[in-house]
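> Below you'll find the structure I mean.
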Amino acid sequence: MRALVLRAHGDLSQLEVADVPAPTIKHARDVRIRLKAGALNHLDLWTVRGLPGLSLDFPHILGGDGAGIVDEVGDDVSGIRPGDRVMFNPGVSCCRCEYCHAGEHSLCVEYRLLGEHLPGTLAEYIVLPHVNVVRIPTPPAPDPEITWAEAAAYSLATLTAWRMLVTRARVRAGETVLVWGIGGGVSSTALRIAKLLGARVIATSSSDEKLAKARDLGADITLNHNQVDVAREVRALTHKRGVDVVVENVGEATWETSLRVLARNGRLVTCGATTGSHVKIDIRRLFWYQWDIMGSTMGSHEEYREIIRLLAQGHLRPLVDSVYPLENAVAAFRRFEGATHMGKMVVEI
Ligand code: ZN
């Protein structure tokens, strides 16, 4: 089959579209999917560069997000049949450890992600456990059907943002939420989820064009973080009180400002560290202001089903920035690395 593969860790020059063996069903609970589309995530760039402790068999197929048609199912699979149009949770858990038993699949001791630890979605076929797979929902009329590109673009960013805002930070109506760097998939979805929950959202970007799109998505206030002092602006906008929740995935570059704008009793939730992962905190401020600083990653199978229900109700349809054919997937990655896109970049297979 054709696939976008990484030959070795390094930079994007290590990517190529090549012929690799198609995966086959090995377990009775597996499903094989003929992929129609895959989507790019920042995680793919980290996988290209290499993560501590991550050892891969090369050539390695990239991609965490995807959608396609079920091609074959194992003997113990029920509810999913060949021919079904499906999408899936990119996180594979053992379903045996104490965290899996508690329904906390993204805390699983053997948690692995498609395209990071496991063969990914930028290929013609993928095999994964049936518990990860759901039928693509039909939104209410008169909304159009979910396209392959939208289905592929939905899962990873929406699941990540949902767990951050709903399960972890428990954002409530009337609260103020600051979301950094609105161009990214998780950030733009976090903005939309916060609005769905009834919160007031302050969004930042270095691009006025992306901030205009953020206002289209419902952002109440937008700040160009290259042009204004975000801490001063936020304090002024909140009458010195600060925000209830900060949604972080930037790391070192924004951390100090994130704490400076956090209200008493505020919550900071983070899922990434794109500018560096070592930050400082004054413990006296932490206890005096009674902050909650929380990590979050991906989500459980139940959380995944919650976001699929929202899609079925017509909410949170992903924004697709552009669609590339698989044979041009390396060009898609070059544009993705430049971060000029707003919304998801998709590869059609
Ligand atoms: Zn487990």
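Residues are named by chain letter and number: chains run A, B, ... in the order of the structure tokens, numbers start at 1 in each chain, and ligands are numbered from 1 in the order shown.
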Excluding same-chain residues fewer than 5 positions from range 295-299 of chain A, what lies within 9 Å of it counting only C-alpha atoms, as a list in words?

Asn89, Pro90, Gly91, Glu104, His105, Ser106, Leu107, Leu156, Ala157, Thr158, Leu159, Thr160, Ala161, Trp162, Arg163, Met164, Arg168, Leu268, Val269, Thr270, Cys271, Gly272 and Tyr304 of chain A

> For the interface of range 22-91 of chain A with range 112-126 of chain A (cut-off 8 Å, counting only C-alpha atoms), please tabulate each contacting residue of range 22-91 of chain A alongside its nearest pair of atoms and their separation in Å to one decimal, rows sorted by chain and increasing number, as JSON lines.


{"residue": "A:Ala22", "atom": "CA", "partner": "A:Tyr125", "partner_atom": "CA", "distance": 6.3}
{"residue": "A:Pro23", "atom": "CA", "partner": "A:Ile126", "partner_atom": "CA", "distance": 6.3}
{"residue": "A:Arg32", "atom": "CA", "partner": "A:Ile126", "partner_atom": "CA", "distance": 5.7}
{"residue": "A:Ile33", "atom": "CA", "partner": "A:Ile126", "partner_atom": "CA", "distance": 5.4}
{"residue": "A:Arg34", "atom": "CA", "partner": "A:Tyr125", "partner_atom": "CA", "distance": 4.7}
{"residue": "A:Leu35", "atom": "CA", "partner": "A:Glu124", "partner_atom": "CA", "distance": 5.2}
{"residue": "A:Lys36", "atom": "CA", "partner": "A:Glu124", "partner_atom": "CA", "distance": 7.5}
{"residue": "A:Ala37", "atom": "CA", "partner": "A:Leu122", "partner_atom": "CA", "distance": 7.6}
{"residue": "A:Gly38", "atom": "CA", "partner": "A:Leu122", "partner_atom": "CA", "distance": 5.5}
{"residue": "A:Ala39", "atom": "CA", "partner": "A:Leu122", "partner_atom": "CA", "distance": 7.8}
{"residue": "A:Leu43", "atom": "CA", "partner": "A:Glu116", "partner_atom": "CA", "distance": 7.3}
{"residue": "A:Asp44", "atom": "CA", "partner": "A:Glu116", "partner_atom": "CA", "distance": 7.0}
{"residue": "A:Thr47", "atom": "CA", "partner": "A:Glu116", "partner_atom": "CA", "distance": 5.8}
{"residue": "A:Leu54", "atom": "CA", "partner": "A:His117", "partner_atom": "CA", "distance": 7.2}
{"residue": "A:Ser55", "atom": "CA", "partner": "A:His117", "partner_atom": "CA", "distance": 8.0}
{"residue": "A:Leu56", "atom": "CA", "partner": "A:His117", "partner_atom": "CA", "distance": 6.9}
{"residue": "A:His60", "atom": "CA", "partner": "A:Pro119", "partner_atom": "CA", "distance": 6.3}
{"residue": "A:Ile61", "atom": "CA", "partner": "A:Gly120", "partner_atom": "CA", "distance": 4.9}
{"residue": "A:Leu62", "atom": "CA", "partner": "A:Gly115", "partner_atom": "CA", "distance": 4.4}
{"residue": "A:Gly63", "atom": "CA", "partner": "A:Gly115", "partner_atom": "CA", "distance": 4.5}
{"residue": "A:Gly64", "atom": "CA", "partner": "A:Leu114", "partner_atom": "CA", "distance": 4.7}
{"residue": "A:Asp65", "atom": "CA", "partner": "A:Thr121", "partner_atom": "CA", "distance": 6.2}
{"residue": "A:Gly66", "atom": "CA", "partner": "A:Thr121", "partner_atom": "CA", "distance": 5.6}
{"residue": "A:Pro90", "atom": "CA", "partner": "A:Leu114", "partner_atom": "CA", "distance": 5.4}
{"residue": "A:Gly91", "atom": "CA", "partner": "A:Leu113", "partner_atom": "CA", "distance": 4.6}

> List as a ChimeraX atom specification the protein and nucleic acid residues near Thr138 in chain A, meaning an atom at most 7 Å away when only C-alpha atoms are counted, but skip any in the same chain fewer than 4 places from it.

/A:145-146,312

> Keeping only N, CA, C and O atoms, write those residues as an mmCIF file, in the first residue's frame.


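Heads up, here's the output in out.cif:
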data_model
loop_
_atom_site.group_PDB
_atom_site.id
_atom_site.type_symbol
_atom_site.label_atom_id
_atom_site.label_comp_id
_atom_site.auth_asym_id
_atom_site.auth_seq_id
_atom_site.Cartn_x
_atom_site.Cartn_y
_atom_site.Cartn_z
ATOM 1 N N GLU A 145 -23.850 16.406 5.081
ATOM 2 C CA GLU A 145 -23.133 15.251 5.628
ATOM 3 C C GLU A 145 -21.715 15.642 6.041
ATOM 4 O O GLU A 145 -21.124 16.558 5.458
ATOM 5 N N ILE A 146 -21.183 14.919 7.004
ATOM 6 C CA ILE A 146 -19.780 15.109 7.389
ATOM 7 C C ILE A 146 -18.909 14.546 6.250
ATOM 8 O O ILE A 146 -19.086 13.398 5.844
ATOM 9 N N ALA A 312 -22.827 14.790 16.122
ATOM 10 C CA ALA A 312 -24.136 14.328 15.629
ATOM 11 C C ALA A 312 -25.213 15.392 15.839
ATOM 12 O O ALA A 312 -26.207 15.428 15.112
#

> Residues near Glu256 in chain A, anyone? I mean within 9 Å using only C-alpha atoms, not counting same-chain ones fewer than 4 positions away, as a VMD selection string.

chain A and resid 252 260 to 261 279 to 281

> Generate the output file for the selected residues, N, CA and C atoms, as a tab-separated table (two decimals), in the first residue's frame.


chain	number	residue	atom	x	y	z
A	252	GLU	N	7.21	27.40	27.73
A	252	GLU	CA	8.12	28.41	28.29
A	252	GLU	C	7.79	29.84	27.86
A	260	ARG	N	0.46	35.18	35.50
A	260	ARG	CA	0.16	36.58	35.87
A	260	ARG	C	-1.30	36.94	35.60
A	261	VAL	N	-1.94	36.26	34.65
A	261	VAL	CA	-3.33	36.61	34.34
A	261	VAL	C	-4.34	35.68	35.04
A	279	VAL	N	9.61	25.16	33.14
A	279	VAL	CA	9.07	26.45	33.58
A	279	VAL	C	9.28	26.59	35.08
A	280	LYS	N	9.12	27.84	35.56
A	280	LYS	CA	9.30	28.11	36.99
A	280	LYS	C	7.95	28.46	37.60
A	281	ILE	N	7.83	28.17	38.88
A	281	ILE	CA	6.64	28.63	39.59
A	281	ILE	C	7.04	28.99	41.02

> List all protein, DNA and RNA residues that have any atom at most 9 Å from ligand 1, counting only C-alpha atoms and all ligand atoms, and write the list as a ChimeraX atom specification.

/A:92-101,104-111

> For Asp11 in chain A, please output as a ChimeraX atom specification all residues within 10 Å (counting only C-alpha atoms; exclusion window: fewer than 4 positions along the same chain).

/A:6,15,45-50

> Write to file, as an mmCIF file, in the first residue's frame, the residues of the selection just made, with N, CA and C atoms.


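Saved the output as selection24.cif:
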data_model
loop_
_atom_site.group_PDB
_atom_site.id
_atom_site.type_symbol
_atom_site.label_atom_id
_atom_site.label_comp_id
_atom_site.auth_asym_id
_atom_site.auth_seq_id
_atom_site.Cartn_x
_atom_site.Cartn_y
_atom_site.Cartn_z
ATOM 1 N N LEU A 6 8.266 7.954 7.596
ATOM 2 C CA LEU A 6 9.451 8.611 8.145
ATOM 3 C C LEU A 6 10.569 7.577 8.065
ATOM 4 N N LEU A 15 10.905 12.473 5.264
ATOM 5 C CA LEU A 15 9.579 11.967 4.876
ATOM 6 C C LEU A 15 9.563 11.578 3.408
ATOM 7 N N LEU A 45 4.903 16.308 14.011
ATOM 8 C CA LEU A 45 6.200 16.994 13.917
ATOM 9 C C LEU A 45 7.132 16.542 15.038
ATOM 10 N N TRP A 46 6.558 16.338 16.238
ATOM 11 C CA TRP A 46 7.377 15.834 17.346
ATOM 12 C C TRP A 46 7.894 14.436 17.030
ATOM 13 N N THR A 47 7.057 13.630 16.399
ATOM 14 C CA THR A 47 7.475 12.266 16.061
ATOM 15 C C THR A 47 8.596 12.297 15.028
ATOM 16 N N VAL A 48 8.503 13.238 14.055
ATOM 17 C CA VAL A 48 9.570 13.377 13.055
ATOM 18 C C VAL A 48 10.886 13.696 13.761
ATOM 19 N N ARG A 49 10.846 14.641 14.710
ATOM 20 C CA ARG A 49 12.082 15.077 15.384
ATOM 21 C C ARG A 49 12.594 14.028 16.362
ATOM 22 N N GLY A 50 11.691 13.225 16.894
ATOM 23 C CA GLY A 50 12.081 12.211 17.867
ATOM 24 C C GLY A 50 11.777 12.684 19.273
#

> What is the distance, in Å and to one decimal place, between CA of Ala153 in chain A and CA of Asp76 in chain A?

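About the pair CA of Ala153 in chain A and CA of Asp76 in chain A: they are 28.7 Å apart.
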
> Give me, as an MDAnalysis selection string, all polymer residues having an atom no more than 12 Å from Gly79 in chain A, counting only C-alpha atoms and skipping those fewer than 3 positions away in the same chain.

chainID A and resid 29 31 70 73:76 82 84 86 130:131 133:135

> Could those residues be written to a file, using N, CA, C and O atoms, as a PDB file, in the first residue's frame?


ATOM      1  N   ARG A  29     -10.502  -8.770  18.094  1.00  0.00           N
ATOM      2  CA  ARG A  29     -11.246  -7.522  18.326  1.00  0.00           C
ATOM      3  C   ARG A  29     -10.754  -6.376  17.445  1.00  0.00           C
ATOM      4  O   ARG A  29     -11.095  -5.219  17.685  1.00  0.00           O
ATOM      5  N   VAL A  31     -10.205  -4.173  13.851  1.00  0.00           N
ATOM      6  CA  VAL A  31     -10.949  -3.732  12.664  1.00  0.00           C
ATOM      7  C   VAL A  31      -9.913  -3.225  11.654  1.00  0.00           C
ATOM      8  O   VAL A  31      -8.974  -2.522  12.040  1.00  0.00           O
ATOM      9  N   VAL A  70     -14.773   0.593   6.744  1.00  0.00           N
ATOM     10  CA  VAL A  70     -14.351  -0.685   7.327  1.00  0.00           C
ATOM     11  C   VAL A  70     -14.236  -1.712   6.202  1.00  0.00           C
ATOM     12  O   VAL A  70     -15.124  -1.862   5.368  1.00  0.00           O
ATOM     13  N   VAL A  73     -13.362  -7.202   9.632  1.00  0.00           N
ATOM     14  CA  VAL A  73     -13.414  -7.169  11.102  1.00  0.00           C
ATOM     15  C   VAL A  73     -13.027  -8.534  11.668  1.00  0.00           C
ATOM     16  O   VAL A  73     -13.241  -9.564  11.017  1.00  0.00           O
ATOM     17  N   GLY A  74     -12.470  -8.527  12.891  1.00  0.00           N
ATOM     18  CA  GLY A  74     -12.107  -9.764  13.576  1.00  0.00           C
ATOM     19  C   GLY A  74     -13.350 -10.508  14.055  1.00  0.00           C
ATOM     20  O   GLY A  74     -14.460  -9.959  14.080  1.00  0.00           O
ATOM     21  N   ASP A  75     -13.145 -11.765  14.502  1.00  0.00           N
ATOM     22  CA  ASP A  75     -14.270 -12.640  14.866  1.00  0.00           C
ATOM     23  C   ASP A  75     -15.085 -12.121  16.058  1.00  0.00           C
ATOM     24  O   ASP A  75     -16.264 -12.414  16.171  1.00  0.00           O
ATOM     25  N   ASP A  76     -14.453 -11.381  16.979  1.00  0.00           N
ATOM     26  CA  ASP A  76     -15.162 -10.919  18.183  1.00  0.00           C
ATOM     27  C   ASP A  76     -15.654  -9.474  18.070  1.00  0.00           C
ATOM     28  O   ASP A  76     -15.977  -8.855  19.089  1.00  0.00           O
ATOM     29  N   PRO A  82     -18.122  -4.488   7.852  1.00  0.00           N
ATOM     30  CA  PRO A  82     -17.485  -4.034   6.614  1.00  0.00           C
ATOM     31  C   PRO A  82     -18.436  -3.130   5.833  1.00  0.00           C
ATOM     32  O   PRO A  82     -19.644  -3.390   5.780  1.00  0.00           O
ATOM     33  N   ASP A  84     -19.010   0.034   6.723  1.00  0.00           N
ATOM     34  CA  ASP A  84     -19.362   1.185   7.575  1.00  0.00           C
ATOM     35  C   ASP A  84     -18.379   2.340   7.340  1.00  0.00           C
ATOM     36  O   ASP A  84     -17.172   2.124   7.220  1.00  0.00           O
ATOM     37  N   VAL A  86     -16.412   5.129   8.986  1.00  0.00           N
ATOM     38  CA  VAL A  86     -16.007   5.277  10.395  1.00  0.00           C
ATOM     39  C   VAL A  86     -14.914   6.324  10.598  1.00  0.00           C
ATOM     40  O   VAL A  86     -14.211   6.716   9.669  1.00  0.00           O
ATOM     41  N   HIS A 130     -11.511  -2.439  17.906  1.00  0.00           N
ATOM     42  CA  HIS A 130     -12.851  -1.959  17.566  1.00  0.00           C
ATOM     43  C   HIS A 130     -13.392  -0.958  18.590  1.00  0.00           C
ATOM     44  O   HIS A 130     -14.226  -0.124  18.244  1.00  0.00           O
ATOM     45  N   VAL A 131     -12.906  -0.997  19.848  1.00  0.00           N
ATOM     46  CA  VAL A 131     -13.412  -0.034  20.855  1.00  0.00           C
ATOM     47  C   VAL A 131     -13.044   1.404  20.484  1.00  0.00           C
ATOM     48  O   VAL A 131     -13.668   2.342  20.977  1.00  0.00           O
ATOM     49  N   VAL A 133     -13.285   2.589  17.444  1.00  0.00           N
ATOM     50  CA  VAL A 133     -13.909   2.939  16.168  1.00  0.00           C
ATOM     51  C   VAL A 133     -15.393   3.283  16.352  1.00  0.00           C
ATOM     52  O   VAL A 133     -16.101   2.584  17.074  1.00  0.00           O
ATOM     53  N   VAL A 134     -15.840   4.369  15.716  1.00  0.00           N
ATOM     54  CA  VAL A 134     -17.269   4.732  15.738  1.00  0.00           C
ATOM     55  C   VAL A 134     -17.723   5.064  14.316  1.00  0.00           C
ATOM     56  O   VAL A 134     -16.913   5.458  13.482  1.00  0.00           O
ATOM     57  N   ARG A 135     -19.024   4.892  14.071  1.00  0.00           N
ATOM     58  CA  ARG A 135     -19.561   5.304  12.766  1.00  0.00           C
ATOM     59  C   ARG A 135     -19.588   6.829  12.681  1.00  0.00           C
ATOM     60  O   ARG A 135     -19.889   7.501  13.679  1.00  0.00           O
TER      61      ARG A 135
END

> For Leu259 in chain A, find every residue with an atom within 10 Å (counting only C-alpha atoms), except residues of its own chain fewer than 3 positions away, and show them as a list in words.

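Near Leu259 in chain A, the qualifying residues are Ala231, Gly242, Val243, Val246, Thr254, Trp255, Glu256, Leu262, Ala263, Gly266, Arg267, Leu268, Ile281, Asp282, Arg285, Leu286, Trp291 and Ile293 of chain A.
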
> Go through A:Val186, A:Ile136, A:Ala329, A:Leu51 and flag the residue nearest Trp148 in chain A, using only C-alpha atoms for the distances.

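Of A:Val186, A:Ile136, A:Ala329, A:Leu51, the one nearest Trp148 in chain A is A:Ile136, counting only C-alpha atoms.
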
> Just list the residues in range 159-299 of chain A DSSP gives helix (DSSP H, G or I) on the backbone, as a ChimeraX atom specification.

/A:159-168,185-196,208-216,230-237,255-260,283-288

> For Ala212 in chain A, which residue among A:Met342, A:Arg235, A:Arg309, A:Ala3 is the nearest when counting only C-alpha atoms?

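Distance minimum relative to Ala212 in chain A lands on A:Met342.
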
> Considering only C-alpha atoms, can you say which of A:Trp288, A:Tyr324, A:Trp180, A:Tyr154 comes closest to Val247 in chain A?

A:Trp180

> Would you work out the distance separating CA of Val127 in chain A from CA of Val5 in chain A, expressed in Å to one decimal?

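About the pair CA of Val127 in chain A and CA of Val5 in chain A: they are 16.5 Å apart.
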
> For a test of reading the model, state the distance in Å between CA of Asp19 in chain A and CA of Arg2 in chain A, rounded to one decimal.

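Answer for the CA of Asp19 in chain A to CA of Arg2 in chain A separation: 4.7 Å.
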
> Check range 70-203 of chain A with DSSP on the backbone and list each residue it calls strand (DSSP E), as a list in words.

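Going through range 70-203 of chain A, the strand (DSSP E) residues come out as Val70, Asp71, Glu72, Val73, Arg85, Val86, Met87, Phe88, Gly91, Val92, Arg112, Leu113, Tyr125, Ile126, Val127, Leu128, Pro129, Val133, Val134, Arg135, Thr176, Val177, Leu178, Val179, Arg200, Val201, Ile202 and Ala203 of chain A.
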